[in-house]
Amino acid sequence: MTAPAVDNTTKNANGKDAILQVRNLKKYFPITSGIIFQRQVDAVKAVDGVSFEVLRGETLGLVGESGCGKSTTGRTILQLYKPTAGEVIFEGKDLTKLPSAEMRKMRRDIQMIFQDPYASLNPRMNVGRIVSEPLIVHNVGSDKERQERVAYLLEKVGLNPYFVNRYPHEFSGGQRQRIGIARALALDPSFIVCDEPISALDVSIQAQVVNLLQDLQKELGLTYLFIAHDLSMIRHICNRVAVMYMGRIMETAPTDELYENPLHPYTQLLLSAVPIPDPEIERVRQRMERPSVLADFRDKNNILELKEQKPGHFVAEIVGRVQG
Amino acid sequence: MTTLMEVKNLVVRFYTQEGTVYAVNDVSYTLKEGETLGVVGESGSGKSVHVLAIMGLIPSPPGKIESGEVIFRGRDLMKLSKNEMRLIRGSEIAMIFQDPMTSLNPVLTIGRQITEALELHIGMNRSQARNRAMELLDMVGIPDPKRRLDDYPHQFSGGQRQRIMIAMALSCNPQLLIADEPTTALDVTVQAEIIELVRRLGRELGMAMIWITHDLGVVAGLADVIQVMYAGTIVERGPVDVVFKDPRHAYTLGLLNSLPRLDKQHGSKRLEPIPGSPPDMREFPDRDPFAPRNPYATERCWQERPALRPVEDSSPDHYVAAWYDLREVRKQNEEAV
């Protein structure tokens, strides 16, 4: 059985080549009550109707504060969480409806880099085993071919292939993140979800990892969904940005357009709060007060719609209220 | 301005099973009254350990203050008894930490936690202390303070808890507030509010501050003086305007070049990372600790540790610990290219 095809091509409405289309994605976590007979009393609407697309070869930034649902969105796209509703169309196939055998095949193309390089590597496996594990799981190559592939990957991420027999605790945070990147690249994916890949690293190491991610993208033609809260880094690395707040997207635009001409009050508040490492600029900057209108965007009973204000620049507007 | 605190030759080590950790290596500086000092450094730079040493909060063992004096308003804090130090902590010197949840007692109401300090340090009675606590919560922007006094820490958001910590820290009118990464765990919009609050209160109360952070942007907006630490030593120090515009240590320059900036266009410039890895703090500090990562390192950097000395052709308050003249070597480098 094949998955129901949504489009024959991956072209979007504007004729652009979208590798991933997320449509009205929802992820609710139930809140239960009762000791023996648990019943659901409410739900945390972590992701509440998110739609966006990622174009082939670009980096889309998903930015927002803690609890806004950006990481849950990433994990739900990868089907690590089962979506409550919505479609995740990758290369023309809706992942939410894919039978598990097909999804397994699809996983080779979609990989993830995690935030915490201390928690995401198995401490009892050596580096060679960590990086070759995806190859073993998907039954790719002979032992010798895998060894060669691991050596190639380690070199690619700037680690000495001689390190294959070492264990994660022997490496610094930056080196561990390189190991995580090598593992993500093992199956030659086309799309990588980077979930806060640098926020656990020291400032002097962050730039090393960012440059590596950019070089790999160029060389291997990768597409990134880059999830982060650091708005300065997002501007540096992303082609387009989507701003999330309380499980929904407030604004999305090409990067410089969003930073120079933010239209949503929440985006404006975020940008005004980020400090700039220049005392002369900081001295004259005016910080914005938290706008009272944000309460309306927090209210889940208000129905939001992204309206295109300028080509490619979408802003959430309240278009009605949920009845009852 | 007169000197409020003078730190002289502070050395702190930790004796662990994996070896001796040289956490703070001969740190000396002065802090003036009413001054805001921003201490910048990465993990393992000694920025937090050195203030814990000042406050007498180094766990011993494994930690040990090997030497040093901390003259605060004429008294050497290193020579005080535990009881004398306890009286200074919280009254003359107050401290706020990164995680307000672990610094607040979860089973006591906020009101009780604030009034306890007021009764202990200032000798107020119950009702005086309660009124003062209400004023303090109001001052740090907690709405409806009278009712909130009877709430427990878990009933407040992260930003509100940090506001409460600030209220407690300021309750006894300290001359010095030490803030150790107080906004690192907070969202950026909440961080901006907390920084604004502390800056305003610091100015109103004429209080000196030591603000420890890894974020150069926060220091740029908040501090009068910046002190950059690396591997347990001060590598550069000076007025913020001078150091950001004309850094003289290769590490300071490297940090500034490796940062993406909110006001720089997408793709305008590739980041210039600092090569290599953070230092191993178990190495005995007998050379320039930044030498292995420094493209401008000279022969001498590998052999001898440079002391912090005044920069000749800069502001009189600008100090650097380096054997090379950064401006000179950068010029030579550009000519070579």
# chains A, B, ... in the order shown; residues from 1 in each chain; ligands from 1
>>> residues_around(residues="Arg203 (chain B)", least_positions_apart="4", cutoff="8 Å", atoms="only C-alpha atoms", output="list of chain:residue names")
B:Gly34, B:Arg199, B:Met207
>>> residues_around(residues="Gly74 (chain B)", least_positions_apart="6", cutoff="12 Å", atoms="only C-alpha atoms", output="short mmCIF file (atom, residue, chain, number, x, y, z; two decimals) with C-alpha atoms, in the first residue's frame")
data_model
loop_
_atom_site.label_atom_id
_atom_site.label_comp_id
_atom_site.auth_asym_id
_atom_site.auth_seq_id
_atom_site.Cartn_x
_atom_site.Cartn_y
_atom_site.Cartn_z
CA THR B 2 35.81 56.06 46.24
CA THR B 3 36.76 52.43 46.31
CA LEU B 4 34.09 50.08 47.68
CA MET B 5 35.89 46.79 47.32
CA GLU B 6 39.39 45.72 46.45
CA VAL B 7 40.22 42.16 45.45
#
>>> interface_residues(of="chain B", to="chain A", cutoff="10 Å", atoms="only C-alpha atoms", output="VMD selection string")
chain B and resid 41 to 43 185 to 193 196 214 to 224 240 to 245 251 254 to 278
>>> select_by_dssp(residues="region 91-312 of chain A", states="strand (DSSP E)", output="PyMOL selection string")
chain A and resi 93-94+110-113+191-195+223-228+240-245+248-254+302-310
>>> write_last_selection(atoms="N, CA and C atoms", output="tab-separated table (two decimals), in the first residue's frame")
chain	number	residue	atom	x	y	z
A	93	LYS	N	4.45	13.43	0.07
A	93	LYS	CA	3.74	12.40	0.81
A	93	LYS	C	3.37	12.90	2.20
A	94	ASP	N	2.14	12.61	2.62
A	94	ASP	CA	1.70	13.03	3.94
A	94	ASP	C	2.20	12.04	5.00
A	110	ILE	N	14.96	12.35	6.56
A	110	ILE	CA	14.67	13.41	7.54
A	110	ILE	C	15.43	13.10	8.81
A	111	GLN	N	16.33	13.95	9.20
A	111	GLN	CA	17.12	13.70	10.41
A	111	GLN	C	16.98	14.87	11.38
A	112	MET	N	17.55	14.67	12.58
A	112	MET	CA	17.41	15.71	13.60
A	112	MET	C	18.73	15.89	14.34
A	113	ILE	N	19.04	17.14	14.66
A	113	ILE	CA	20.18	17.46	15.53
A	113	ILE	C	19.61	18.06	16.80
A	191	PHE	N	16.86	16.60	4.48
A	191	PHE	CA	16.20	17.58	5.34
A	191	PHE	C	16.59	17.33	6.80
A	192	ILE	N	17.04	18.38	7.50
A	192	ILE	CA	17.44	18.21	8.90
A	192	ILE	C	16.72	19.23	9.77
A	193	VAL	N	16.09	18.72	10.83
A	193	VAL	CA	15.51	19.60	11.84
A	193	VAL	C	16.59	19.85	12.89
A	194	CYS	N	17.03	21.11	13.01
A	194	CYS	CA	18.05	21.47	13.99
A	194	CYS	C	17.34	22.11	15.17
A	195	ASP	N	17.24	21.38	16.29
A	195	ASP	CA	16.49	21.88	17.45
A	195	ASP	C	17.45	22.51	18.45
A	223	THR	N	18.49	20.96	3.37
A	223	THR	CA	17.47	21.91	3.77
A	223	THR	C	17.35	21.84	5.29
A	224	TYR	N	17.31	23.00	5.95
A	224	TYR	CA	17.23	23.02	7.41
A	224	TYR	C	15.93	23.66	7.90
A	225	LEU	N	15.37	23.05	8.93
A	225	LEU	CA	14.40	23.76	9.77
A	225	LEU	C	15.18	24.07	11.05
A	226	PHE	N	15.47	25.34	11.30
A	226	PHE	CA	16.36	25.74	12.38
A	226	PHE	C	15.53	26.33	13.52
A	227	ILE	N	15.42	25.56	14.61
A	227	ILE	CA	14.61	25.99	15.74
A	227	ILE	C	15.51	26.64	16.78
A	228	ALA	N	15.22	27.87	17.18
A	228	ALA	CA	16.11	28.55	18.14
A	228	ALA	C	15.38	29.70	18.81
A	240	ARG	N	14.43	32.52	5.72
A	240	ARG	CA	13.11	33.01	6.11
A	240	ARG	C	12.87	32.65	7.56
A	241	VAL	N	11.97	33.38	8.22
A	241	VAL	CA	11.74	33.17	9.64
A	241	VAL	C	10.24	33.12	9.92
A	242	ALA	N	9.85	32.19	10.82
A	242	ALA	CA	8.48	32.17	11.33
A	242	ALA	C	8.54	32.38	12.83
A	243	VAL	N	7.75	33.32	13.34
A	243	VAL	CA	7.74	33.64	14.76
A	243	VAL	C	6.55	32.97	15.42
A	244	MET	N	6.83	32.15	16.43
A	244	MET	CA	5.74	31.44	17.12
A	244	MET	C	5.46	32.04	18.49
A	245	TYR	N	4.20	31.99	18.88
A	245	TYR	CA	3.78	32.49	20.19
A	245	TYR	C	2.58	31.65	20.63
A	248	ARG	N	1.08	29.13	18.10
A	248	ARG	CA	0.65	29.55	16.77
A	248	ARG	C	1.67	30.49	16.13
A	249	ILE	N	1.63	30.59	14.80
A	249	ILE	CA	2.57	31.47	14.11
A	249	ILE	C	1.98	32.88	14.05
A	250	MET	N	2.80	33.85	14.46
A	250	MET	CA	2.33	35.23	14.49
A	250	MET	C	2.74	35.98	13.22
A	251	GLU	N	3.92	35.61	12.70
A	251	GLU	CA	4.42	36.35	11.55
A	251	GLU	C	5.46	35.50	10.84
A	252	THR	N	5.46	35.58	9.51
A	252	THR	CA	6.53	34.91	8.77
A	252	THR	C	6.90	35.75	7.56
A	253	ALA	N	8.20	35.83	7.30
A	253	ALA	CA	8.68	36.71	6.22
A	253	ALA	C	10.12	36.34	5.88
A	254	PRO	N	10.60	36.80	4.71
A	254	PRO	CA	12.04	36.68	4.45
A	254	PRO	C	12.81	37.39	5.57
A	302	ASN	N	-9.76	33.00	20.16
A	302	ASN	CA	-9.69	33.86	18.99
A	302	ASN	C	-9.11	33.07	17.82
A	303	ILE	N	-9.79	33.15	16.69
A	303	ILE	CA	-9.33	32.45	15.49
A	303	ILE	C	-8.36	33.37	14.74
A	304	LEU	N	-7.17	32.83	14.46
A	304	LEU	CA	-6.15	33.63	13.77
A	304	LEU	C	-6.02	33.18	12.32
A	305	GLU	N	-5.66	34.13	11.49
A	305	GLU	CA	-5.38	33.81	10.10
A	305	GLU	C	-4.15	34.61	9.67
A	306	LEU	N	-3.25	33.95	8.92
A	306	LEU	CA	-2.06	34.66	8.41
A	306	LEU	C	-2.47	35.39	7.13
A	307	LYS	N	-2.31	36.70	7.13
A	307	LYS	CA	-2.67	37.51	5.95
A	307	LYS	C	-1.41	38.06	5.32
A	308	GLU	N	-1.34	37.99	4.00
A	308	GLU	CA	-0.14	38.45	3.29
A	308	GLU	C	-0.18	39.97	3.15
A	309	GLN	N	0.73	40.63	3.88
A	309	GLN	CA	0.75	42.10	3.86
A	309	GLN	C	1.60	42.63	2.73
A	310	LYS	N	2.68	41.88	2.45
A	310	LYS	CA	3.57	42.21	1.35
A	310	LYS	C	3.94	40.87	0.76
>>> residues_around(residues="Pro174 (chain B)", least_positions_apart="2", cutoff="8 Å", atoms="only C-alpha atoms", output="ChimeraX atom specification")
/B:90-94,169-172,176-177,207
>>> write_last_selection(atoms="all heavy atoms", output="mmCIF file, in the first residue's frame")
data_model
loop_
_atom_site.group_PDB
_atom_site.id
_atom_site.type_symbol
_atom_site.label_atom_id
_atom_site.label_comp_id
_atom_site.auth_asym_id
_atom_site.auth_seq_id
_atom_site.Cartn_x
_atom_site.Cartn_y
_atom_site.Cartn_z
ATOM 1 N N GLY B 90 23.764 39.426 52.559
ATOM 2 C CA GLY B 90 22.350 39.728 52.694
ATOM 3 C C GLY B 90 22.102 41.133 53.201
ATOM 4 O O GLY B 90 21.068 41.707 52.920
ATOM 5 N N SER B 91 23.030 41.700 53.980
ATOM 6 C CA SER B 91 22.807 43.073 54.405
ATOM 7 C C SER B 91 23.688 44.035 53.623
ATOM 8 O O SER B 91 23.192 44.893 52.907
ATOM 9 C CB SER B 91 23.020 43.212 55.913
ATOM 10 O OG SER B 91 24.335 42.877 56.258
ATOM 11 N N GLU B 92 25.018 43.870 53.721
ATOM 12 C CA GLU B 92 25.887 44.803 52.996
ATOM 13 C C GLU B 92 26.157 44.345 51.565
ATOM 14 O O GLU B 92 26.288 45.154 50.660
ATOM 15 C CB GLU B 92 27.205 44.983 53.752
ATOM 16 C CG GLU B 92 27.005 45.750 55.059
ATOM 17 C CD GLU B 92 28.274 45.785 55.884
ATOM 18 O OE1 GLU B 92 29.254 46.364 55.404
ATOM 19 O OE2 GLU B 92 28.287 45.214 56.985
ATOM 20 N N ILE B 93 26.300 43.025 51.398
ATOM 21 C CA ILE B 93 26.467 42.469 50.052
ATOM 22 C C ILE B 93 25.335 41.465 49.823
ATOM 23 O O ILE B 93 25.155 40.547 50.602
ATOM 24 C CB ILE B 93 27.809 41.713 49.901
ATOM 25 C CG1 ILE B 93 28.982 42.605 50.320
ATOM 26 C CG2 ILE B 93 27.994 41.248 48.462
ATOM 27 C CD1 ILE B 93 30.328 41.900 50.270
ATOM 28 N N ALA B 94 24.572 41.668 48.766
ATOM 29 C CA ALA B 94 23.494 40.730 48.457
ATOM 30 C C ALA B 94 23.788 40.053 47.131
ATOM 31 O O ALA B 94 24.568 40.563 46.329
ATOM 32 C CB ALA B 94 22.163 41.461 48.383
ATOM 33 N N ALA B 169 16.960 40.690 47.816
ATOM 34 C CA ALA B 169 18.348 41.147 47.810
ATOM 35 C C ALA B 169 18.444 42.609 48.223
ATOM 36 O O ALA B 169 19.393 43.023 48.893
ATOM 37 C CB ALA B 169 18.955 40.944 46.420
ATOM 38 N N LEU B 170 17.444 43.397 47.824
ATOM 39 C CA LEU B 170 17.515 44.830 48.094
ATOM 40 C C LEU B 170 16.910 45.198 49.444
ATOM 41 O O LEU B 170 16.967 46.349 49.856
ATOM 42 C CB LEU B 170 16.800 45.605 46.985
ATOM 43 C CG LEU B 170 17.341 45.392 45.564
ATOM 44 C CD1 LEU B 170 16.634 46.308 44.585
ATOM 45 C CD2 LEU B 170 18.844 45.628 45.510
ATOM 46 N N SER B 171 16.330 44.208 50.142
ATOM 47 C CA SER B 171 15.540 44.521 51.335
ATOM 48 C C SER B 171 16.358 45.218 52.409
ATOM 49 O O SER B 171 15.841 46.020 53.160
ATOM 50 C CB SER B 171 14.900 43.241 51.890
ATOM 51 O OG SER B 171 15.900 42.325 52.267
ATOM 52 N N CYS B 172 17.639 44.935 52.521
ATOM 53 C CA CYS B 172 18.440 45.546 53.584
ATOM 54 C C CYS B 172 19.367 46.632 53.056
ATOM 55 O O CYS B 172 20.403 46.929 53.682
ATOM 56 C CB CYS B 172 19.229 44.472 54.314
ATOM 57 S SG CYS B 172 18.182 43.203 55.012
ATOM 58 N N LEU B 176 26.417 46.584 47.774
ATOM 59 C CA LEU B 176 26.877 45.833 46.600
ATOM 60 C C LEU B 176 25.892 44.709 46.289
ATOM 61 O O LEU B 176 25.519 43.948 47.183
ATOM 62 C CB LEU B 176 28.279 45.252 46.873
ATOM 63 C CG LEU B 176 28.831 44.266 45.830
ATOM 64 C CD1 LEU B 176 28.953 44.913 44.469
ATOM 65 C CD2 LEU B 176 30.185 43.715 46.283
ATOM 66 N N LEU B 177 25.477 44.648 45.032
ATOM 67 C CA LEU B 177 24.643 43.539 44.570
ATOM 68 C C LEU B 177 25.452 42.710 43.578
ATOM 69 O O LEU B 177 25.964 43.240 42.589
ATOM 70 C CB LEU B 177 23.374 44.062 43.883
ATOM 71 C CG LEU B 177 22.469 42.990 43.273
ATOM 72 C CD1 LEU B 177 21.818 42.130 44.355
ATOM 73 C CD2 LEU B 177 21.385 43.617 42.392
ATOM 74 N N MET B 207 23.691 51.899 44.363
ATOM 75 C CA MET B 207 24.297 50.626 44.736
ATOM 76 C C MET B 207 25.307 50.204 43.663
ATOM 77 O O MET B 207 25.065 50.390 42.475
ATOM 78 C CB MET B 207 23.134 49.634 44.808
ATOM 79 C CG MET B 207 23.421 48.250 45.207
ATOM 80 S SD MET B 207 21.817 47.378 45.280
ATOM 81 C CE MET B 207 21.290 47.431 43.573
#
>>> closest_residue(among="A:Gln115, A:Val150, A:Asp109, A:Phe37", to="Gln177 (chain A)", atoms="only C-alpha atoms")
A:Gln115
>>> residues_around(residues="Ser103 (chain B)", least_positions_apart="4", cutoff="10 Å", atoms="only C-alpha atoms", output="list in words")
Ile96, Phe97, Gln98, Asp99, Arg161, Gln162 and Met165 of chain B
>>> write_last_selection(atoms="all heavy atoms", output="tab-separated table (two decimals), in the first residue's frame")
chain	number	residue	atom	x	y	z
B	96	ILE	N	22.09	37.62	43.79
B	96	ILE	CA	21.01	36.90	43.10
B	96	ILE	C	21.63	35.91	42.12
B	96	ILE	O	22.68	36.16	41.55
B	96	ILE	CB	20.01	37.84	42.38
B	96	ILE	CG1	20.73	38.87	41.51
B	96	ILE	CG2	19.13	38.55	43.38
B	96	ILE	CD1	19.76	39.77	40.74
B	97	PHE	N	20.93	34.78	41.96
B	97	PHE	CA	21.49	33.67	41.18
B	97	PHE	C	20.69	33.42	39.91
B	97	PHE	O	19.62	33.98	39.71
B	97	PHE	CB	21.52	32.40	42.02
B	97	PHE	CG	22.40	32.49	43.23
B	97	PHE	CD1	21.88	32.91	44.45
B	97	PHE	CD2	23.74	32.18	43.14
B	97	PHE	CE1	22.69	33.01	45.57
B	97	PHE	CE2	24.56	32.27	44.26
B	97	PHE	CZ	24.03	32.68	45.47
B	98	GLN	N	21.22	32.49	39.12
B	98	GLN	CA	20.59	32.17	37.84
B	98	GLN	C	19.18	31.59	38.03
B	98	GLN	O	18.25	32.01	37.38
B	98	GLN	CB	21.45	31.16	37.08
B	98	GLN	CG	20.82	30.72	35.77
B	98	GLN	CD	21.79	29.90	34.93
B	98	GLN	OE1	22.98	29.95	35.12
B	98	GLN	NE2	21.26	29.13	34.00
B	99	ASP	N	19.06	30.63	38.94
B	99	ASP	CA	17.80	29.92	39.06
B	99	ASP	C	17.07	30.31	40.34
B	99	ASP	O	17.41	29.83	41.41
B	99	ASP	CB	18.07	28.41	39.05
B	99	ASP	CG	16.78	27.62	39.11
B	99	ASP	OD1	15.70	28.26	39.16
B	99	ASP	OD2	16.84	26.39	39.11
B	161	ARG	N	9.60	35.32	39.95
B	161	ARG	CA	10.46	34.79	41.02
B	161	ARG	C	11.78	35.56	41.06
B	161	ARG	O	12.30	35.84	42.13
B	161	ARG	CB	10.77	33.31	40.77
B	161	ARG	CG	9.67	32.40	41.24
B	161	ARG	CD	10.09	30.96	41.03
B	161	ARG	NE	8.93	30.20	40.60
B	161	ARG	CZ	8.93	29.33	39.61
B	161	ARG	NH1	10.02	29.05	38.95
B	161	ARG	NH2	7.82	28.70	39.29
B	162	GLN	N	12.32	35.87	39.86
B	162	GLN	CA	13.57	36.63	39.85
B	162	GLN	C	13.32	38.04	40.41
B	162	GLN	O	14.17	38.58	41.12
B	162	GLN	CB	14.15	36.67	38.43
B	162	GLN	CG	15.64	37.00	38.35
B	162	GLN	CD	16.53	36.09	39.17
B	162	GLN	OE1	16.59	36.19	40.40
B	162	GLN	NE2	17.23	35.19	38.51
B	165	MET	N	13.42	37.61	44.10
B	165	MET	CA	14.81	37.50	44.55
B	165	MET	C	15.46	38.88	44.64
B	165	MET	O	16.22	39.17	45.55
B	165	MET	CB	15.62	36.62	43.59
B	165	MET	CG	15.33	35.15	43.66
B	165	MET	SD	15.45	34.48	45.32
B	165	MET	CE	17.16	34.81	45.69
>>> closest_residue(among="B:Leu205, B:Val228, B:Asp180, B:Ala297", to="Ser48 (chain B)", atoms="only C-alpha atoms")
B:Asp180
>>> residues_around(residues="Lys47 (chain B)", least_positions_apart="6", cutoff="7 Å", atoms="only C-alpha atoms", output="ChimeraX atom specification")
/B:39,41,212,229
>>> residues_around(residues="Thr298 (chain B)", least_positions_apart="5", cutoff="9 Å", atoms="only C-alpha atoms", output="list in words")
Ala291, Trp323 and Tyr324 of chain B
>>> atom_distance(atom1="CA of Lys156 (chain A)", atom2="CA of Leu253 (chain B)")
27.9 Å
>>> residues_around(residues="Arg282 (chain B)", least_positions_apart="4", cutoff="7 Å", atoms="only C-alpha atoms", output="PyMOL selection string")
chain B and resi 19-22
>>> closest_residue(among="A:Leu62, A:Leu25, A:Val41, A:Ile318", to="Gln79 (chain A)", atoms="only C-alpha atoms")
A:Leu25
>>> closest_residue(among="A:Leu20, A:Ile136, A:Arg149, A:Val44", to="Gly92 (chain A)", atoms="only C-alpha atoms")
A:Leu20
